[in-house]
Amino acid sequence: MGVKLYYTTVTASREIKSQQAEVMRILESKSIQFELIDISVGNEVREEMRSKAGNATAVPPQIFNGDQYCGDYQLFSEAVEADTVEKFLKLE
């Protein structure tokens, strides 16, 4: 088990790039180890992310703890504001 961050290295969206970078920066600042999974390596990885998230149109970043879905950037951002990141990541 462990925190997994689905992200992409190939996107024209500045918003997605910014969101991914912010999630990584916050996890690193809290010394939370995480695994990066790049969905741009193939359709099967993107479909796996969408299937696990339960959303056929999900875009990165998507955050999991093992196979448990934690949420997307919006939910992560709300957890940061509420200072409940560890609970959001199911680490408590």
# chains A, B, ... in the order shown; residues from 1 in each chain; ligands from 1

$ residues_around --residues "Gly42 (chain A)" --least-positions-apart "4" --cutoff "12 Å" --atoms "only C-alpha atoms" --output "ChimeraX atom specification"
/A:8-10,37-38,46-49

$ write_last_selection --atoms "N, CA and C atoms" --output "compact mmCIF listing (two decimals), in the first residue's frame"
# COMPACT_ATOMS: atom_id res chain seq x y z
N THR A 8 0.35 13.17 -15.61
CA THR A 8 0.77 13.04 -17.00
C THR A 8 1.95 13.96 -17.28
N THR A 9 2.86 13.46 -18.09
CA THR A 9 3.99 14.29 -18.52
C THR A 9 3.67 14.97 -19.85
N VAL A 10 2.55 14.58 -20.47
CA VAL A 10 2.18 15.13 -21.78
C VAL A 10 0.82 15.80 -21.66
N ILE A 37 2.54 7.68 -11.18
CA ILE A 37 2.12 6.81 -12.28
C ILE A 37 1.73 7.71 -13.44
N ASP A 38 2.50 7.64 -14.52
CA ASP A 38 2.33 8.51 -15.68
C ASP A 38 1.32 7.89 -16.64
N ARG A 46 -4.31 5.11 -18.40
CA ARG A 46 -5.35 6.14 -18.23
C ARG A 46 -6.69 5.49 -17.90
N GLU A 47 -7.02 4.41 -18.60
CA GLU A 47 -8.28 3.72 -18.34
C GLU A 47 -8.30 3.10 -16.95
N GLU A 48 -7.15 2.59 -16.50
CA GLU A 48 -7.04 2.04 -15.14
C GLU A 48 -7.34 3.13 -14.12
N MET A 49 -6.75 4.32 -14.31
CA MET A 49 -7.00 5.45 -13.40
C MET A 49 -8.48 5.79 -13.38

$ residues_around --residues "Arg50 (chain A)" --least-positions-apart "2" --cutoff "12 Å" --atoms "only C-alpha atoms" --output "compact mmCIF listing (two decimals) with C-alpha atoms, in the first residue's frame"
# COMPACT_ATOMS: atom_id res chain seq x y z
CA TYR A 6 -1.68 9.49 -11.35
CA TYR A 7 -0.28 12.33 -13.44
CA ILE A 39 -0.88 7.99 -17.67
CA ASN A 43 -4.27 4.20 -22.87
CA GLU A 44 -4.47 1.22 -20.51
CA VAL A 45 -2.93 3.24 -17.66
CA ARG A 46 -5.35 6.14 -18.23
CA GLU A 47 -8.28 3.72 -18.34
CA GLU A 48 -7.04 2.04 -15.14
CA LYS A 52 -10.38 3.07 -10.14
CA ALA A 53 -11.68 6.64 -9.75
CA GLY A 54 -15.13 5.59 -10.95
CA ASN A 55 -15.18 8.43 -13.48
CA ALA A 56 -14.91 7.76 -17.21
CA THR A 57 -13.69 11.32 -17.87
CA ALA A 58 -11.29 11.77 -14.93
CA VAL A 59 -8.14 13.77 -15.65
CA PRO A 60 -4.95 13.93 -13.60
CA PRO A 61 -4.02 14.47 -10.92
CA GLN A 62 -5.93 11.61 -9.27
CA ILE A 63 -4.81 10.39 -5.85
CA PHE A 64 -5.07 6.89 -4.37
CA TYR A 69 -9.54 6.22 -4.27
CA GLY A 71 -9.87 12.03 -4.70
CA ASP A 72 -8.90 14.54 -7.32

$ atom_distance --atom1 "CA of Asn65 (chain A)" --atom2 "CA of Lys90 (chain A)"
6.7 Å

$ atom_distance --atom1 "CA of Glu86 (chain A)" --atom2 "CA of Ile32 (chain A)"
8.9 Å

$ select_by_dssp --residues "chain A" --states "strand (DSSP E)" --output "MDAnalysis selection string"
chainID A and resid 3:7 34:38 62:65 68:72

$ closest_residue --among "A:Leu5, A:Ala12, A:Asp67, A:Phe88" --to "Met24 (chain A)" --atoms "only C-alpha atoms"
A:Leu5

$ select_by_dssp --residues "chain A" --states "alpha helix (DSSP H)" --output "MDAnalysis selection string"
chainID A and resid 14:29 43:53 73:81 85:88

$ atom_distance --atom1 "CA of Thr11 (chain A)" --atom2 "CA of Ser31 (chain A)"
26.9 Å
